[in-house]
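Novice: The file below is coords.cif, mmCIF, C-alpha atoms:
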```cif
data_upload
loop_
_atom_site.label_atom_id
_atom_site.label_comp_id
_atom_site.auth_asym_id
_atom_site.auth_seq_id
_atom_site.Cartn_x
_atom_site.Cartn_y
_atom_site.Cartn_z
CA ILE A 1 83.49 -39.46 118.65
CA GLY A 2 87.15 -40.13 119.42
CA ILE A 3 88.68 -43.56 119.70
CA LYS A 4 88.82 -44.78 123.30
CA ARG A 5 92.45 -45.34 124.21
CA THR A 6 93.40 -48.54 126.01
CA PRO A 7 95.13 -47.86 129.36
CA VAL A 8 98.90 -48.20 129.19
CA ASP A 9 101.67 -48.92 131.66
CA TYR A 10 104.60 -46.59 130.92
CA GLN A 11 107.37 -46.34 133.50
CA PHE A 12 110.08 -43.74 133.94
CA VAL A 13 113.33 -45.25 135.24
CA ASP A 14 114.63 -42.49 137.50
CA THR A 15 116.69 -44.21 140.21
CA ILE A 16 119.62 -46.61 140.17
CA ASP A 17 117.50 -49.20 141.98
CA LYS A 18 114.94 -49.00 139.17
CA VAL A 19 117.72 -49.20 136.58
CA VAL A 20 118.92 -52.48 138.06
CA GLU A 21 115.38 -53.80 138.43
CA VAL A 22 114.46 -53.08 134.80
CA TYR A 23 117.84 -54.32 133.56
CA ASN A 24 117.17 -57.68 135.22
CA ILE A 25 113.73 -57.82 133.58
CA LEU A 26 115.11 -56.93 130.14
CA LYS A 27 117.68 -59.72 130.38
CA THR A 28 114.86 -62.30 130.65
CA LYS A 29 113.09 -61.22 127.44
CA LYS A 30 113.38 -62.73 123.97
CA GLU A 31 111.64 -59.89 122.10
CA LEU A 32 112.29 -56.18 122.70
CA ALA A 33 111.13 -53.09 120.84
CA VAL A 34 113.69 -50.29 121.16
CA ASP A 35 113.65 -46.58 120.31
CA ILE A 36 115.87 -43.62 121.13
CA GLU A 37 115.43 -39.85 121.18
CA THR A 38 118.52 -37.88 120.28
CA SER A 39 120.08 -34.44 120.35
CA GLY A 40 120.28 -34.34 116.56
CA LEU A 41 120.50 -36.39 113.39
CA ASN A 42 124.29 -36.42 113.07
CA LYS A 43 125.61 -39.32 115.13
CA PHE A 44 129.19 -38.20 114.44
CA SER A 45 128.71 -34.73 115.93
CA ASP A 46 130.68 -33.97 119.09
CA LYS A 47 127.33 -32.81 120.51
CA ALA A 48 125.58 -36.11 119.74
CA LYS A 49 123.67 -37.51 122.71
CA ILE A 50 121.14 -40.23 123.39
CA LEU A 51 118.62 -38.26 125.43
CA THR A 52 116.33 -41.16 126.27
CA ILE A 53 115.98 -44.81 125.34
CA SER A 54 112.77 -46.78 125.63
CA PHE A 55 112.00 -50.51 125.63
CA SER A 56 108.77 -52.44 125.26
CA TRP A 57 108.42 -56.20 125.64
CA GLU A 58 104.64 -56.41 125.43
CA GLU A 59 101.81 -54.32 124.04
CA TYR A 60 100.50 -51.36 126.08
CA GLN A 61 103.71 -51.32 128.14
CA ALA A 62 107.03 -49.49 127.96
CA VAL A 63 109.90 -48.25 130.10
CA CYS A 64 112.15 -45.27 129.49
CA PHE A 65 115.68 -44.52 130.67
CA PRO A 66 116.74 -40.85 130.75
CA VAL A 67 120.32 -41.15 129.57
CA GLU A 68 122.03 -37.94 128.46
CA HIS A 69 119.16 -35.46 128.71
CA SER A 70 120.07 -32.27 130.60
CA GLU A 71 117.25 -33.00 133.07
CA SER A 72 118.35 -36.59 133.68
CA PRO A 73 118.41 -37.46 137.40
CA PHE A 74 121.66 -39.36 136.79
CA ASN A 75 125.15 -37.87 136.92
CA ILE A 76 127.81 -38.52 134.26
CA GLU A 77 129.20 -41.61 136.00
CA GLU A 78 125.73 -43.08 136.46
CA GLN A 79 124.88 -42.36 132.81
CA SER A 80 127.98 -44.32 131.78
CA VAL A 81 126.89 -47.26 133.93
CA ILE A 82 123.41 -47.15 132.38
CA LYS A 83 124.88 -47.22 128.87
CA GLU A 84 127.05 -50.19 129.85
CA LEU A 85 124.04 -52.07 131.19
CA LEU A 86 121.95 -51.29 128.12
CA ASN A 87 124.82 -52.37 125.90
CA ASP A 88 124.84 -55.66 127.80
CA VAL A 89 121.11 -56.05 127.09
CA LEU A 90 121.18 -55.16 123.40
CA SER A 91 124.30 -57.20 122.64
CA ASP A 92 122.96 -60.29 124.47
CA PRO A 93 122.65 -63.15 121.93
CA ASP A 94 119.92 -64.73 124.07
CA ILE A 95 117.62 -61.80 123.30
CA THR A 96 116.75 -63.14 119.89
CA GLU A 97 114.62 -60.38 118.41
CA ILE A 98 115.29 -56.64 118.59
CA ILE A 99 112.57 -54.60 116.89
CA MET A 100 112.93 -51.00 115.71
CA HIS A 101 111.28 -48.60 113.31
CA ASN A 102 113.79 -47.22 110.80
CA GLY A 103 116.35 -48.99 112.91
CA LYS A 104 119.31 -48.10 110.73
CA PHE A 105 119.19 -44.68 112.44
CA ASP A 106 118.73 -45.91 116.01
CA ALA A 107 121.19 -48.81 115.76
CA GLY A 108 123.81 -46.64 114.07
CA TYR A 109 123.42 -43.85 116.61
CA MET A 110 123.64 -46.24 119.54
CA GLU A 111 126.69 -47.92 118.05
CA GLN A 112 128.44 -44.57 117.88
CA ARG A 113 127.57 -43.94 121.54
CA GLY A 114 128.89 -47.31 122.71
CA ILE A 115 125.69 -49.36 122.73
CA HIS A 116 125.91 -52.32 120.36
CA THR A 117 122.94 -54.25 119.00
CA LYS A 118 123.34 -57.99 118.41
CA ASN A 119 120.02 -59.24 117.08
CA PHE A 120 118.31 -56.30 115.38
CA ASN A 121 116.34 -58.38 112.91
CA TYR A 122 112.90 -56.81 112.55
CA ASP A 123 112.27 -53.31 111.22
CA THR A 124 108.63 -52.26 111.08
CA ILE A 125 109.33 -49.67 108.38
CA LEU A 126 110.67 -52.39 106.08
CA ALA A 127 107.85 -54.74 107.02
CA HIS A 128 105.33 -52.08 105.99
CA TYR A 129 106.97 -51.77 102.57
CA THR A 130 106.03 -55.41 101.95
CA ILE A 131 102.41 -54.61 102.82
CA ASP A 132 102.03 -51.20 101.14
CA GLU A 133 104.74 -49.64 99.00
CA THR A 134 102.96 -46.26 98.71
CA ARG A 135 105.42 -43.45 99.30
CA GLY A 136 104.82 -41.35 102.41
CA THR A 137 102.86 -43.97 104.35
CA HIS A 138 105.68 -45.61 106.31
CA GLY A 139 106.27 -43.19 109.20
CA LEU A 140 105.69 -44.60 112.68
CA LYS A 141 103.18 -41.91 113.64
CA LYS A 142 101.12 -42.53 110.49
CA LEU A 143 101.17 -46.27 111.10
CA ALA A 144 100.20 -45.80 114.74
CA LEU A 145 97.16 -43.79 113.65
CA VAL A 146 96.07 -46.57 111.30
CA TYR A 147 96.89 -49.66 113.33
CA THR A 148 96.66 -48.62 117.02
CA ASP A 149 94.51 -46.52 119.35
CA LEU A 150 97.46 -44.32 120.36
CA GLY A 151 96.12 -41.49 118.24
CA ASP A 152 98.16 -38.39 117.42
CA TYR A 153 100.50 -38.99 120.33
CA ASP A 154 103.22 -36.64 119.08
CA ALA A 155 100.91 -33.60 119.00
CA GLY A 156 102.14 -32.24 122.35
CA LEU A 157 105.77 -32.62 121.33
CA HIS A 158 105.28 -30.87 118.02
CA GLN A 159 103.28 -28.10 119.67
CA PHE A 160 106.19 -27.48 122.06
CA MET A 161 108.64 -27.46 119.14
CA ALA A 162 106.47 -25.02 117.22
CA ASN A 163 105.93 -22.71 120.20
CA SER A 164 109.66 -22.73 120.94
CA LYS A 165 110.50 -22.19 117.25
CA LEU A 166 112.84 -25.18 117.33
CA ASP A 167 113.92 -27.06 114.22
CA LEU A 168 113.55 -30.84 114.30
CA THR A 169 117.05 -31.15 112.84
CA GLU A 170 118.30 -29.77 116.16
CA GLY A 171 116.95 -32.81 117.92
CA TYR A 172 114.97 -32.86 121.13
CA SER A 173 117.56 -31.54 123.58
CA LYS A 174 115.34 -28.66 124.68
CA VAL A 175 112.15 -30.69 124.99
CA PRO A 176 111.21 -31.12 128.68
CA LEU A 177 112.09 -34.60 129.91
CA GLU A 178 108.54 -35.17 131.17
CA THR A 179 107.23 -34.70 127.63
CA LEU A 180 110.02 -36.61 125.94
CA TRP A 181 110.01 -39.80 127.99
CA GLN A 182 106.28 -40.33 127.53
CA TYR A 183 106.62 -39.72 123.80
CA ASN A 184 109.53 -42.19 123.67
CA CYS A 185 107.42 -44.84 125.41
CA CYS A 186 104.63 -44.32 122.88
CA ASP A 187 107.16 -44.98 120.11
CA THR A 188 108.19 -48.39 121.44
CA ASP A 189 104.64 -49.36 122.38
CA ALA A 190 103.50 -48.46 118.86
CA THR A 191 106.42 -50.37 117.36
CA ILE A 192 105.72 -53.64 119.16
CA ARG A 193 101.97 -53.44 118.51
CA ILE A 194 102.54 -52.79 114.81
CA LYS A 195 105.13 -55.55 114.59
CA HIS A 196 102.64 -58.12 115.86
CA ILE A 197 100.01 -56.93 113.37
CA PHE A 198 102.43 -56.94 110.44
CA GLU A 199 103.71 -60.42 111.28
CA LYS A 200 100.20 -61.80 110.87
CA LYS A 201 99.50 -59.82 107.70
CA ILE A 202 102.74 -60.85 106.03
CA ALA A 203 102.38 -64.51 107.06
CA ALA A 204 98.81 -64.58 105.71
CA PHE A 205 99.83 -62.95 102.42
CA TYR A 206 102.82 -65.15 101.72
CA GLY A 207 100.90 -68.18 102.91
CA ARG A 208 98.34 -67.51 100.18
CA ILE A 209 101.13 -67.20 97.61
CA VAL A 210 102.59 -70.57 98.65
CA GLU A 211 99.16 -72.19 98.46
CA THR A 212 98.64 -70.74 94.98
CA VAL A 213 102.02 -72.01 93.77
CA ASP A 214 101.41 -75.44 95.27
#
```
How does this structure look as structure tokens?

Specialist:
Amino acid sequence: IGIKRTPVDYQFVDTIDKVVEVYNILKTKKELAVDIETSGLNKFSDKAKILTISFSWEEYQAVCFPVEHSESPFNIEEQSVIKELLNDVLSDPDITEIIMHNGKFDAGYMEQRGIHTKNFNYDTILAHYTIDETRGTHGLKKLALVYTDLGDYDAGLHQFMANSKLDLTEGYSKVPLETLWQYNCCDTDATIRIKHIFEKKIAAFYGRIVETVD
């Protein structure tokens, strides 16, 4: 019997009106999970692109902006405006907690593409190291399987990659946007859910240590 998946609210931001609407919502939040999908691993490549970027500010919810994907509904000028708006969000000091998984990659890639992150101060991959240091257990998909009901949500993406004989090092440029944006939303939803779980686990653990010392 499979795990029943809780309904989710994932939104695809595909018009300028929606961009502005979601931008205004993002600017009111104090906690944001962020994740990007890219054209490759090398942020310094002249072919480097942020294909999509997703945000989640509560569990079971996420939004995704198609930025530089070839199927993006936005032209080059509109993509530049979107990056400027997202830079304004992520560099806003009033948004006090930016959450990522293995954020050194995402933050570094965004920085190279003109999107700066002010308060990236919680990384779920590092948080998991404080809970379980076992090698090979820290990947977001593995953690999502253990701590959420999202299941094997990357199965469709990997099946497409395998059928197309694409190498993951080439990035996701050839993955259909419909597949990629939903996958990207799962990433941020998983990240914020896991963050909330890890916060409680870590607080409980270190609280016991303090009590023992006292």

Novice: Run through the PyMOL selection byres ((chain A and resi 41) around 12) on the given coordinates and return the selected residues as JSON, numbers by chain.

Specialist: {"A": [36, 37, 38, 39, 40, 42, 43, 44, 45, 46, 47, 48, 49, 50, 105, 106, 108, 109, 167, 168, 169, 170, 171, 172, 173]}

Novice: Could you save those same residues with C-alpha atoms as a PDB file, keeping the file's coordinate frame?

Specialist:
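Generated output (selection39.pdb):
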```pdb
ATOM      1  CA  ILE A  36     115.870 -43.620 121.130  1.00  0.00           C
ATOM      2  CA  GLU A  37     115.430 -39.850 121.180  1.00  0.00           C
ATOM      3  CA  THR A  38     118.520 -37.880 120.280  1.00  0.00           C
ATOM      4  CA  SER A  39     120.080 -34.440 120.350  1.00  0.00           C
ATOM      5  CA  GLY A  40     120.280 -34.340 116.560  1.00  0.00           C
ATOM      6  CA  ASN A  42     124.290 -36.420 113.070  1.00  0.00           C
ATOM      7  CA  LYS A  43     125.610 -39.320 115.130  1.00  0.00           C
ATOM      8  CA  PHE A  44     129.190 -38.200 114.440  1.00  0.00           C
ATOM      9  CA  SER A  45     128.710 -34.730 115.930  1.00  0.00           C
ATOM     10  CA  ASP A  46     130.680 -33.970 119.090  1.00  0.00           C
ATOM     11  CA  LYS A  47     127.330 -32.810 120.510  1.00  0.00           C
ATOM     12  CA  ALA A  48     125.580 -36.110 119.740  1.00  0.00           C
ATOM     13  CA  LYS A  49     123.670 -37.510 122.710  1.00  0.00           C
ATOM     14  CA  ILE A  50     121.140 -40.230 123.390  1.00  0.00           C
ATOM     15  CA  PHE A 105     119.190 -44.680 112.440  1.00  0.00           C
ATOM     16  CA  ASP A 106     118.730 -45.910 116.010  1.00  0.00           C
ATOM     17  CA  GLY A 108     123.810 -46.640 114.070  1.00  0.00           C
ATOM     18  CA  TYR A 109     123.420 -43.850 116.610  1.00  0.00           C
ATOM     19  CA  ASP A 167     113.920 -27.060 114.220  1.00  0.00           C
ATOM     20  CA  LEU A 168     113.550 -30.840 114.300  1.00  0.00           C
ATOM     21  CA  THR A 169     117.050 -31.150 112.840  1.00  0.00           C
ATOM     22  CA  GLU A 170     118.300 -29.770 116.160  1.00  0.00           C
ATOM     23  CA  GLY A 171     116.950 -32.810 117.920  1.00  0.00           C
ATOM     24  CA  TYR A 172     114.970 -32.860 121.130  1.00  0.00           C
ATOM     25  CA  SER A 173     117.560 -31.540 123.580  1.00  0.00           C
TER      26      SER A 173
END
```

Novice: Applied to the shown file, which residues does the PyMOL selection byres ((chain A and resi 5-10) around 6) return, written as a PyMOL selection string?

Specialist: chain A and resi 4+11+60-63+149

Novice: Using only C-alpha atoms, which protein or nucleic acid residues come within 10 Å of Ile194 of chain A? Drop anything in the same chain fewer than 4 positions from it, and give the result as a ChimeraX atom specification.

Specialist: /A:59,101,124-125,127-128,140,143-144,146-148,188-190,198-199

Novice: Export C-alpha atoms of the chosen residues as a CSV table (one decimal), in the frame of the given file?

Specialist:
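The resulting selection_13.csv:
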```csv
chain,number,residue,atom,x,y,z
A,59,GLU,CA,101.8,-54.3,124.0
A,101,HIS,CA,111.3,-48.6,113.3
A,124,THR,CA,108.6,-52.3,111.1
A,125,ILE,CA,109.3,-49.7,108.4
A,127,ALA,CA,107.8,-54.7,107.0
A,128,HIS,CA,105.3,-52.1,106.0
A,140,LEU,CA,105.7,-44.6,112.7
A,143,LEU,CA,101.2,-46.3,111.1
A,144,ALA,CA,100.2,-45.8,114.7
A,146,VAL,CA,96.1,-46.6,111.3
A,147,TYR,CA,96.9,-49.7,113.3
A,148,THR,CA,96.7,-48.6,117.0
A,188,THR,CA,108.2,-48.4,121.4
A,189,ASP,CA,104.6,-49.4,122.4
A,190,ALA,CA,103.5,-48.5,118.9
A,198,PHE,CA,102.4,-56.9,110.4
A,199,GLU,CA,103.7,-60.4,111.3
```

Novice: Calculate how many Å separate atom CA of Ala204 of chain A from atom CA of Ile131 of chain A, rounding to one decimal.

Specialist: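 Taking atom CA of Ala204 of chain A and atom CA of Ile131 of chain A, their separation equals 11.0 Å.
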
Novice: I would like the residues chosen by the PyMOL selection byres ((chain A and resi 121) around 9) on the shown file; could you give them as a PyMOL selection string?

Specialist: chain A and resi 96-100+118-120+122-123

Novice: Counting all atoms listed in the file, what is within 10 Å of Glu84 of chain A, bar same-chain residues fewer than 6 positions away, as a list of chain:residue names?

Specialist: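 The filter keeps A:Glu78, A:Gly114, A:Ile115, A:His116.
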
Novice: Applying 8 Å and only C-alpha atoms, which residues near Ile82 of chain A remain after dropping the ones on its own chain fewer than 3 positions away? List them as a list in words.

Specialist: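 Final neighbour list, sorted by chain and number: Val19, Val67, Glu78, Gln79, Leu85 and Leu86 of chain A.
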
Novice: Those residues with C-alpha atoms, as a PDB file, in the frame of the given file please?

Specialist:
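In the end it all went to part16.pdb:
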```pdb
ATOM      1  CA  VAL A  19     117.720 -49.200 136.580  1.00  0.00           C
ATOM      2  CA  VAL A  67     120.320 -41.150 129.570  1.00  0.00           C
ATOM      3  CA  GLU A  78     125.730 -43.080 136.460  1.00  0.00           C
ATOM      4  CA  GLN A  79     124.880 -42.360 132.810  1.00  0.00           C
ATOM      5  CA  LEU A  85     124.040 -52.070 131.190  1.00  0.00           C
ATOM      6  CA  LEU A  86     121.950 -51.290 128.120  1.00  0.00           C
TER       7      LEU A  86
END
```

Novice: Please identify all polymer residues within 9 Å of Leu177 of chain A, counting all atoms listed in the file, omitting same-chain residues fewer than 2 positions from it, and present them as a PyMOL selection string.

Specialist: chain A and resi 51-52+66+69-72+173-175+179-182

Novice: For Thr191 of chain A, which residue out of A:Ala33, A:Val81, A:Ala107, A:Val89 is the nearest one, using only C-alpha atoms?

Specialist: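 Closest residue, counting only C-alpha atoms: A:Ala33.
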
Novice: Kindly list the centre and edge lengths in Å, rounded to one decimal, for the axis-aligned box that covers all listed atoms of segment 60-73 of chain A plus 4 Å on each of its six sides, as AutoDock Vina command-line options.

Specialist:
```
--center_x 111.3 --center_y -41.8 --center_z 131.7 --size_x 29.5 --size_y 27.1 --size_z 19.3
```

Novice: How many Å separate atom CA of Asp92 of chain A from atom CA of Val20 of chain A?

Specialist: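 Distance between the two atoms: 16.2 Å.
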
Novice: So how many Å separate atom CA of Glu178 of chain A and atom CA of Thr28 of chain A, to one decimal?

Specialist: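 Separation of atom CA of Glu178 of chain A and atom CA of Thr28 of chain A: 27.9 Å.
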
Novice: Calculated over all atoms listed in the file, which of the candidates A:Ile95, A:Leu166, A:Leu90, A:Val34 has the smallest distance to Cys186 of chain A?

Specialist: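 Selected residue with least distance to Cys186 of chain A: A:Val34.
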